[in-house]
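**Q** Below: one structure in structure tokens.
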Protein chains: 2
Amino acid sequence: MKLTREQLATLETPCVIIDVAQARRNIRDMQRAVTAAGCALRPHVKTHKMALFARMQVEAGARGITCAKVSEAEIMAAGGLRDIFIAYPLVGAFRIRRALALAPTLDRLILAVDSLESAQALSDAARAAGMRVEARLEIDTGAGRTGVPPRRAAELARCIAAMPGLRLTGIYTFKGLIYQGKATQDNALAAKEEGELMREAARGIRAAGVPIADISAGSSPTGVDVARTGMVTEVRPGTYIFKDQMLCREHVAQPEQIAVRYAATVVSAQHEAYAVLDGGSKTFATDIPLHAPPFYYPGYAAVEGRPDLCLSRMNEEHGILTATSGQTGLRVGDVLTLIPIHACTAVNLQNTVYLLEDGALTRHRVDARGMTV
Amino acid sequence: MKLTREQLATLETPCVIIDVAQARRNIRDMQRAVTAAGCALRPHVKTHKMALFARMQVEAGARGITCAKVSEAEIMAAGGLRDIFIAYPLVGAFRIRRALALAPTLDRLILAVDSLESAQALSDAARAAGMRVEARLEIDTGAGRTGVPPRRAAELARCIAAMPGLRLTGIYTFKGLIYQGKATQDNALAAKEEGELMREAARGIRAAGVPIADISAGSSPTGVDVARTGMVTEVRPGTYIFKDQMLCREHVAQPEQIAVRYAATVVSAQHEAYAVLDGGSKTFATDIPLHAPPFYYPGYAAVEGRPDLCLSRMNEEHGILTATSGQTGLRVGDVLTLIPIHACTAVNLQNTVYLLEDGALTRHRVDARGMTV
């Protein structure tokens, strides 16, 4: 991302800037790779939370979009998206109510279940509303969070398929372990394992008499690889659209492909050894694993062009930059750009972002920020 | 905070709930203690970011309010607040422009400077607008972020007082070190040191011929203690209104005084050993210092009534609860309440919060969430 000194001077900091052309390239490259593998792409919108980018993804060939929560899906529906998968166990009467209200307004809404209780509640509510909704069963392929263990998938699928309010059409998974610091070859291995586990789960479910069609998997690290296994029908990467330090560390992005930056202004530089930025923990994402090893997260963001600087300490609105040399060389009023560790939580902290397109900067609302219900 | 099973069932989770009666008690207690010490109270609104609570604080006797940023101040002004101190170096043409536009709409707006450059830019802009704005000089009493070192304060104050666009009426500080894990007696000691440093700074500035009136200090941990030193004229605590685990750890709050909770629903419980909540790093505050020792931050929030559970791992929308016994005993659909580590960043992640008042739950917008400019 190239920003001129004049452009930097027009920014109201702290802020996040999205390079739209780079985001379009990232969308195109993922779509091409997944399409070439004979697989469908259903990008996760959690990263950008803006209908604008979701529409770009669909226009580039995505089958539809993935949302994490029903409130996020409502925002995307209002923004013109017509085919949505809410990849999250639809638990809670409020969530079911909102999802059932959303369903008739869309071309396709797929809801997620991962337990008998949650499927039964959804089926009952759908029946009470005179509806039959499309459902996908989540399979746990190793992330250790939601999803039924593969060994219990066929039996659960059989029970769900018999529920009158549901139409079970597929299975899905998120294999999160690849985020724990493995290298490229491990991503490929993880993708192969992910594909095989899903193919086996689908085989078992079909053998139990449930003719599911969709086998959905894949994150930004494994998305392309798992599509290429030929064992799944759809992948759901999210972060690939903007990319970040984490994806570079996972060897599935190059620094020049990162389409997102923070910008911040030096508001105080009383000492040679450190300077203070106008952003802190209300601006910079802090979702670093508890007790992560220091070498893995040396700072909260990387200052572009200044590898000697470290954003090592923050309060809510203060970010303290130290220099390895002991001298930051920074002056009050300097505007710096920084690369996020994690694009998704970085964007979610902002009410608006700047879009950089054709050399012009415009502000754009983060439509679904804070939409966690 | 007492929530009935019926009330919990009405919540759309994940969410934050504020016990308004407890917040009022916290407001009243801080106001009484500070007033009794002969000091003025100017609460920091960063914690609640809602004009409703700022008005309660002023109605209870606060002199005015403190904001971190100009965008936060604009929201508070729109909410009827008339006396605002933006306790942040006003650096950046955009920030100065917005502050100068805000000033004539208020009874009093105090702006902050901590360097010659920032003061000069503000003075020049004020002059160009035909204005003279009230300014306060920030003193660094040990937090190691913004603020001029005490030894340079008098000379800087003399220069600022001579600037035609500024009216230097006071000094202020934030002494952050008391957040680093010291006990009560250390808070009192820190408050004494804070008071003495500010009294000395004021003395030096007055001796240099600048007749400042306001000496402002104090956070939630040191607020009451520093007011009682008699060495400052105003204190600016923020977190005291809701309180949190951090303030309990600092021995300036009791658990029963905490007026803020998260609520979250168990969406998946496939294994005895862990269950999954419907909130993750987009719901629960994660601003834990980098490389903090594990014993100090065992989890991202404390589950009420279940000290055996630990919220130790999160993705964006998933929170994994483990149990020391190896058995969570949780079931899909269970709604839990949790106590935040840090109230300020917890509230800032939400678009709305539930207010619990007279037994009724209503939703209220977090007016200034994400207002970091």
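How things are named: the first chain in the structure tokens is A, the next is B, and so on; residues count from 1 in each chain; ligands count from 1 in the order shown.
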Which chain B residues are at most 7 Å from chain A (counting only C-alpha atoms), as a VMD selection string?
**A** chain B and resid 12 to 14 89 91 to 92 94 145 to 146 148 267 to 268 270 276 281 to 282 286 to 287 291 to 292 294 320 333 345 349 to 351 370 372 to 373
**Q** If you run DSSP over the backbone, which residues in range 122-340 of chain B end up alpha helix (DSSP H)? Put them as a PyMOL selection string.
**A** chain B and resi 122-128+150-161+184-207+223-228+245-249
**Q** Keeping C-alpha atoms, export the residues of the selection given above as a short mmCIF file (atom, residue, chain, number, x, y, z; two decimals), in the first residue's frame.
**A**
```
data_model
loop_
_atom_site.label_atom_id
_atom_site.label_comp_id
_atom_site.auth_asym_id
_atom_site.auth_seq_id
_atom_site.Cartn_x
_atom_site.Cartn_y
_atom_site.Cartn_z
CA LEU B 122 -2.93 24.80 18.94
CA SER B 123 -2.26 28.45 19.73
CA ASP B 124 -1.73 29.30 16.06
CA ALA B 125 -4.95 27.59 15.04
CA ALA B 126 -6.91 29.26 17.84
CA ARG B 127 -5.54 32.67 16.84
CA ALA B 128 -6.40 32.05 13.20
CA PRO B 150 8.51 17.70 36.06
CA ARG B 151 11.98 19.23 35.71
CA ARG B 152 11.00 20.81 32.39
CA ALA B 153 7.46 21.81 33.39
CA ALA B 154 8.05 25.38 34.59
CA GLU B 155 9.99 26.47 31.53
CA LEU B 156 7.44 24.89 29.17
CA ALA B 157 4.54 26.44 31.10
CA ARG B 158 6.19 29.87 30.80
CA CYS B 159 6.46 29.51 27.02
CA ILE B 160 2.88 28.24 26.69
CA ALA B 161 1.47 31.00 28.89
CA THR B 184 -3.43 -0.90 49.00
CA GLN B 185 -0.67 0.68 51.05
CA ASP B 186 1.28 1.15 47.80
CA ASN B 187 -1.71 2.91 46.24
CA ALA B 188 -1.72 5.35 49.16
CA LEU B 189 2.02 5.83 48.79
CA ALA B 190 1.66 6.29 45.04
CA ALA B 191 -1.09 8.84 45.64
CA LYS B 192 1.11 10.75 48.08
CA GLU B 193 3.97 10.81 45.60
CA GLU B 194 1.56 11.85 42.84
CA GLY B 195 0.24 14.73 44.99
CA GLU B 196 3.71 15.86 45.97
CA LEU B 197 5.03 15.80 42.41
CA MET B 198 2.05 17.83 41.21
CA ARG B 199 2.30 20.32 44.09
CA GLU B 200 5.99 20.80 43.33
CA ALA B 201 5.29 21.23 39.62
CA ALA B 202 2.57 23.80 40.36
CA ARG B 203 4.91 25.64 42.72
CA GLY B 204 7.62 25.83 40.07
CA ILE B 205 5.19 27.02 37.40
CA ARG B 206 3.75 29.70 39.66
CA ALA B 207 7.25 30.79 40.63
CA GLY B 223 -8.37 9.06 43.12
CA VAL B 224 -9.60 9.25 46.71
CA ASP B 225 -6.13 9.03 48.23
CA VAL B 226 -4.70 11.80 46.09
CA ALA B 227 -7.75 14.00 46.77
CA ARG B 228 -7.07 13.54 50.49
CA GLN B 245 -11.47 -7.45 38.44
CA MET B 246 -8.47 -5.17 38.00
CA LEU B 247 -9.72 -2.69 40.62
CA CYS B 248 -10.45 -5.55 43.02
CA ARG B 249 -6.93 -6.79 42.51
#
```
**Q** With only C-alpha atoms as the counted atoms, please give the residues lying no more than 7 Å from Gly326 in chain B, apart from itself and same-chain residues fewer than 2 positions off, as a list in words.
**A** Glu272, Ala273, Ala323, Thr324 and Thr328 of chain B
**Q** What's the 12 Å shell around Thr35 in chain B, counting only C-alpha atoms, without same-chain residues fewer than 3 positions away, as a list in words?
**A**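 Listing them by chain and then by number gives Ile27, Arg28, Asp29, Met30, Gln31, Arg32, Gly38, Cys39, Ala40, Leu41, Arg42, Ala60, Gly61, Ala62, Arg63, Gly223, Val224, Ala227, Arg228, Gly230, Thr233, Glu234 and Val235 of chain B.
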**Q** With N, CA and C atoms kept, could you save the residues just selected as a PDB file, in the first residue's frame?
**A**
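Output file result.pdb is given in full below:
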```pdb
ATOM      1  N   ILE B  27     -20.990   5.961  41.896  1.00  0.00           N
ATOM      2  CA  ILE B  27     -20.879   7.396  41.607  1.00  0.00           C
ATOM      3  C   ILE B  27     -20.982   8.191  42.912  1.00  0.00           C
ATOM      4  N   ARG B  28     -21.990   7.855  43.707  1.00  0.00           N
ATOM      5  CA  ARG B  28     -22.242   8.574  44.963  1.00  0.00           C
ATOM      6  C   ARG B  28     -21.058   8.439  45.925  1.00  0.00           C
ATOM      7  N   ASP B  29     -20.544   7.213  46.072  1.00  0.00           N
ATOM      8  CA  ASP B  29     -19.465   6.989  47.035  1.00  0.00           C
ATOM      9  C   ASP B  29     -18.206   7.760  46.646  1.00  0.00           C
ATOM     10  N   MET B  30     -17.862   7.740  45.347  1.00  0.00           N
ATOM     11  CA  MET B  30     -16.667   8.471  44.911  1.00  0.00           C
ATOM     12  C   MET B  30     -16.877   9.974  45.090  1.00  0.00           C
ATOM     13  N   GLN B  31     -18.080  10.457  44.734  1.00  0.00           N
ATOM     14  CA  GLN B  31     -18.346  11.887  44.870  1.00  0.00           C
ATOM     15  C   GLN B  31     -18.236  12.320  46.333  1.00  0.00           C
ATOM     16  N   ARG B  32     -18.843  11.539  47.226  1.00  0.00           N
ATOM     17  CA  ARG B  32     -18.788  11.874  48.657  1.00  0.00           C
ATOM     18  C   ARG B  32     -17.359  11.929  49.165  1.00  0.00           C
ATOM     19  N   GLY B  38     -12.395  17.926  50.043  1.00  0.00           N
ATOM     20  CA  GLY B  38     -12.273  19.319  49.589  1.00  0.00           C
ATOM     21  C   GLY B  38     -11.760  19.430  48.169  1.00  0.00           C
ATOM     22  N   CYS B  39     -12.016  18.424  47.378  1.00  0.00           N
ATOM     23  CA  CYS B  39     -11.468  18.347  46.028  1.00  0.00           C
ATOM     24  C   CYS B  39     -12.619  18.268  45.021  1.00  0.00           C
ATOM     25  N   ALA B  40     -12.358  18.663  43.789  1.00  0.00           N
ATOM     26  CA  ALA B  40     -13.371  18.521  42.739  1.00  0.00           C
ATOM     27  C   ALA B  40     -13.189  17.185  42.029  1.00  0.00           C
ATOM     28  N   LEU B  41     -14.300  16.667  41.500  1.00  0.00           N
ATOM     29  CA  LEU B  41     -14.280  15.393  40.764  1.00  0.00           C
ATOM     30  C   LEU B  41     -14.655  15.680  39.311  1.00  0.00           C
ATOM     31  N   ARG B  42     -13.811  15.173  38.387  1.00  0.00           N
ATOM     32  CA  ARG B  42     -14.105  15.308  36.955  1.00  0.00           C
ATOM     33  C   ARG B  42     -13.939  13.912  36.342  1.00  0.00           C
ATOM     34  N   ALA B  60     -24.635  14.175  40.240  1.00  0.00           N
ATOM     35  CA  ALA B  60     -24.214  13.771  41.587  1.00  0.00           C
ATOM     36  C   ALA B  60     -23.171  14.724  42.165  1.00  0.00           C
ATOM     37  N   GLY B  61     -22.745  15.725  41.372  1.00  0.00           N
ATOM     38  CA  GLY B  61     -21.832  16.718  41.924  1.00  0.00           C
ATOM     39  C   GLY B  61     -20.503  16.874  41.213  1.00  0.00           C
ATOM     40  N   ALA B  62     -20.281  16.117  40.150  1.00  0.00           N
ATOM     41  CA  ALA B  62     -19.008  16.261  39.439  1.00  0.00           C
ATOM     42  C   ALA B  62     -18.920  17.649  38.806  1.00  0.00           C
ATOM     43  N   ARG B  63     -17.708  18.196  38.777  1.00  0.00           N
ATOM     44  CA  ARG B  63     -17.481  19.529  38.215  1.00  0.00           C
ATOM     45  C   ARG B  63     -17.708  19.547  36.710  1.00  0.00           C
ATOM     46  N   GLY B 223      -7.502   7.876  43.083  1.00  0.00           N
ATOM     47  CA  GLY B 223      -8.374   9.059  43.120  1.00  0.00           C
ATOM     48  C   GLY B 223      -8.662   9.595  44.510  1.00  0.00           C
ATOM     49  N   VAL B 224      -9.208   8.770  45.381  1.00  0.00           N
ATOM     50  CA  VAL B 224      -9.600   9.245  46.706  1.00  0.00           C
ATOM     51  C   VAL B 224      -8.358   9.621  47.517  1.00  0.00           C
ATOM     52  N   ALA B 227      -6.876  12.884  46.362  1.00  0.00           N
ATOM     53  CA  ALA B 227      -7.745  13.999  46.771  1.00  0.00           C
ATOM     54  C   ALA B 227      -7.476  14.352  48.231  1.00  0.00           C
ATOM     55  N   ARG B 228      -7.272  13.323  49.043  1.00  0.00           N
ATOM     56  CA  ARG B 228      -7.067  13.538  50.488  1.00  0.00           C
ATOM     57  C   ARG B 228      -5.711  14.143  50.837  1.00  0.00           C
ATOM     58  N   GLY B 230      -4.700  16.802  49.753  1.00  0.00           N
ATOM     59  CA  GLY B 230      -4.876  18.255  49.783  1.00  0.00           C
ATOM     60  C   GLY B 230      -3.943  18.971  48.825  1.00  0.00           C
ATOM     61  N   THR B 233      -6.378  19.881  43.150  1.00  0.00           N
ATOM     62  CA  THR B 233      -7.696  20.529  43.217  1.00  0.00           C
ATOM     63  C   THR B 233      -8.785  19.691  42.553  1.00  0.00           C
ATOM     64  N   GLU B 234      -8.373  18.652  41.819  1.00  0.00           N
ATOM     65  CA  GLU B 234      -9.347  17.888  41.029  1.00  0.00           C
ATOM     66  C   GLU B 234      -8.799  16.482  40.808  1.00  0.00           C
ATOM     67  N   VAL B 235      -9.704  15.479  40.785  1.00  0.00           N
ATOM     68  CA  VAL B 235      -9.287  14.124  40.411  1.00  0.00           C
ATOM     69  C   VAL B 235     -10.189  13.596  39.295  1.00  0.00           C
TER      70      VAL B 235
END
```
**Q** So what do you get for CA of Gln57 in chain A versus CA of Ile241 in chain A, distance-wise?
**A**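 It comes out at 8.9 Å.
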**Q** Please identify all polymer residues within 7 Å of range 164-171 of chain A, counting only C-alpha atoms, omitting same-chain residues fewer than 4 positions from it, and present them as a PDB file with C-alpha atoms, in the first residue's frame.
**A**
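part-v7.pdb, written as the output of this step:
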```
ATOM      1  CA  SER A 123     -36.573 -27.758  14.092  1.00  0.00           C
ATOM      2  CA  ASP A 124     -39.361 -27.131  16.602  1.00  0.00           C
ATOM      3  CA  ALA A 126     -39.173 -23.793  12.279  1.00  0.00           C
ATOM      4  CA  ARG A 127     -42.182 -26.107  12.426  1.00  0.00           C
ATOM      5  CA  MET A 131     -41.077 -23.493   7.852  1.00  0.00           C
ATOM      6  CA  ARG A 132     -38.448 -26.052   6.951  1.00  0.00           C
ATOM      7  CA  VAL A 133     -34.957 -24.589   7.037  1.00  0.00           C
ATOM      8  CA  GLU A 134     -31.738 -25.728   5.467  1.00  0.00           C
ATOM      9  CA  ALA A 135     -29.185 -26.988   7.972  1.00  0.00           C
ATOM     10  CA  ARG A 136     -25.537 -28.016   8.032  1.00  0.00           C
ATOM     11  CA  LEU A 137     -23.912 -30.161  10.670  1.00  0.00           C
ATOM     12  CA  GLU A 138     -20.595 -28.995  12.087  1.00  0.00           C
ATOM     13  CA  ILE A 139     -17.837 -31.592  12.364  1.00  0.00           C
ATOM     14  CA  ILE A 160     -31.300 -34.430  12.420  1.00  0.00           C
ATOM     15  CA  ILE A 212     -25.899 -34.647   1.960  1.00  0.00           C
ATOM     16  CA  ALA A 213     -24.543 -32.556  -0.914  1.00  0.00           C
ATOM     17  CA  ASP A 214     -22.237 -29.943   0.594  1.00  0.00           C
ATOM     18  CA  ILE A 215     -18.910 -30.633   2.242  1.00  0.00           C
ATOM     19  CA  SER A 216     -17.557 -27.302   3.445  1.00  0.00           C
TER      20      SER A 216
END
```
**Q** Taking 6 positions as the minimum chain separation for residues in the same chain, which residues sit within 12 Å of Ile84 in chain A when counting only C-alpha atoms? Answer as a PyMOL selection string.
**A** chain A and resi 42-45+54-55+58+62-70+72-78+99+102-103+105-112+134-135+236
**Q** Tell me, in Å to one decimal, how far CA of Ala119 in chain B is from CA of Ala51 in chain B.
**A**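 Interatomic distance here is 29.0 Å.
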**Q** Find the residues near Ser220 in chain B: any atom within 8 Å, counting only C-alpha atoms, skip ones fewer than 6 places away on the same chain, and give them as a list in words.
**A** Arg236, Pro237, Gly238, Thr239, Tyr240, Leu247 and Val252 of chain B
**Q** With C-alpha atoms retained, write the just-selected residues as a PDB file, in the first residue's frame.
**A**
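The file below, part_24.pdb, is the result:
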```pdb
ATOM      1  CA  ARG B 236     -10.315  12.198  37.275  1.00  0.00           C
ATOM      2  CA  PRO B 237     -11.105   8.540  38.035  1.00  0.00           C
ATOM      3  CA  GLY B 238     -13.016   6.587  35.389  1.00  0.00           C
ATOM      4  CA  THR B 239     -13.311   2.858  36.069  1.00  0.00           C
ATOM      5  CA  TYR B 240     -14.764   3.386  39.574  1.00  0.00           C
ATOM      6  CA  LEU B 247      -9.720  -2.686  40.617  1.00  0.00           C
ATOM      7  CA  VAL B 252      -9.843  -0.360  45.659  1.00  0.00           C
TER       8      VAL B 252
END
```
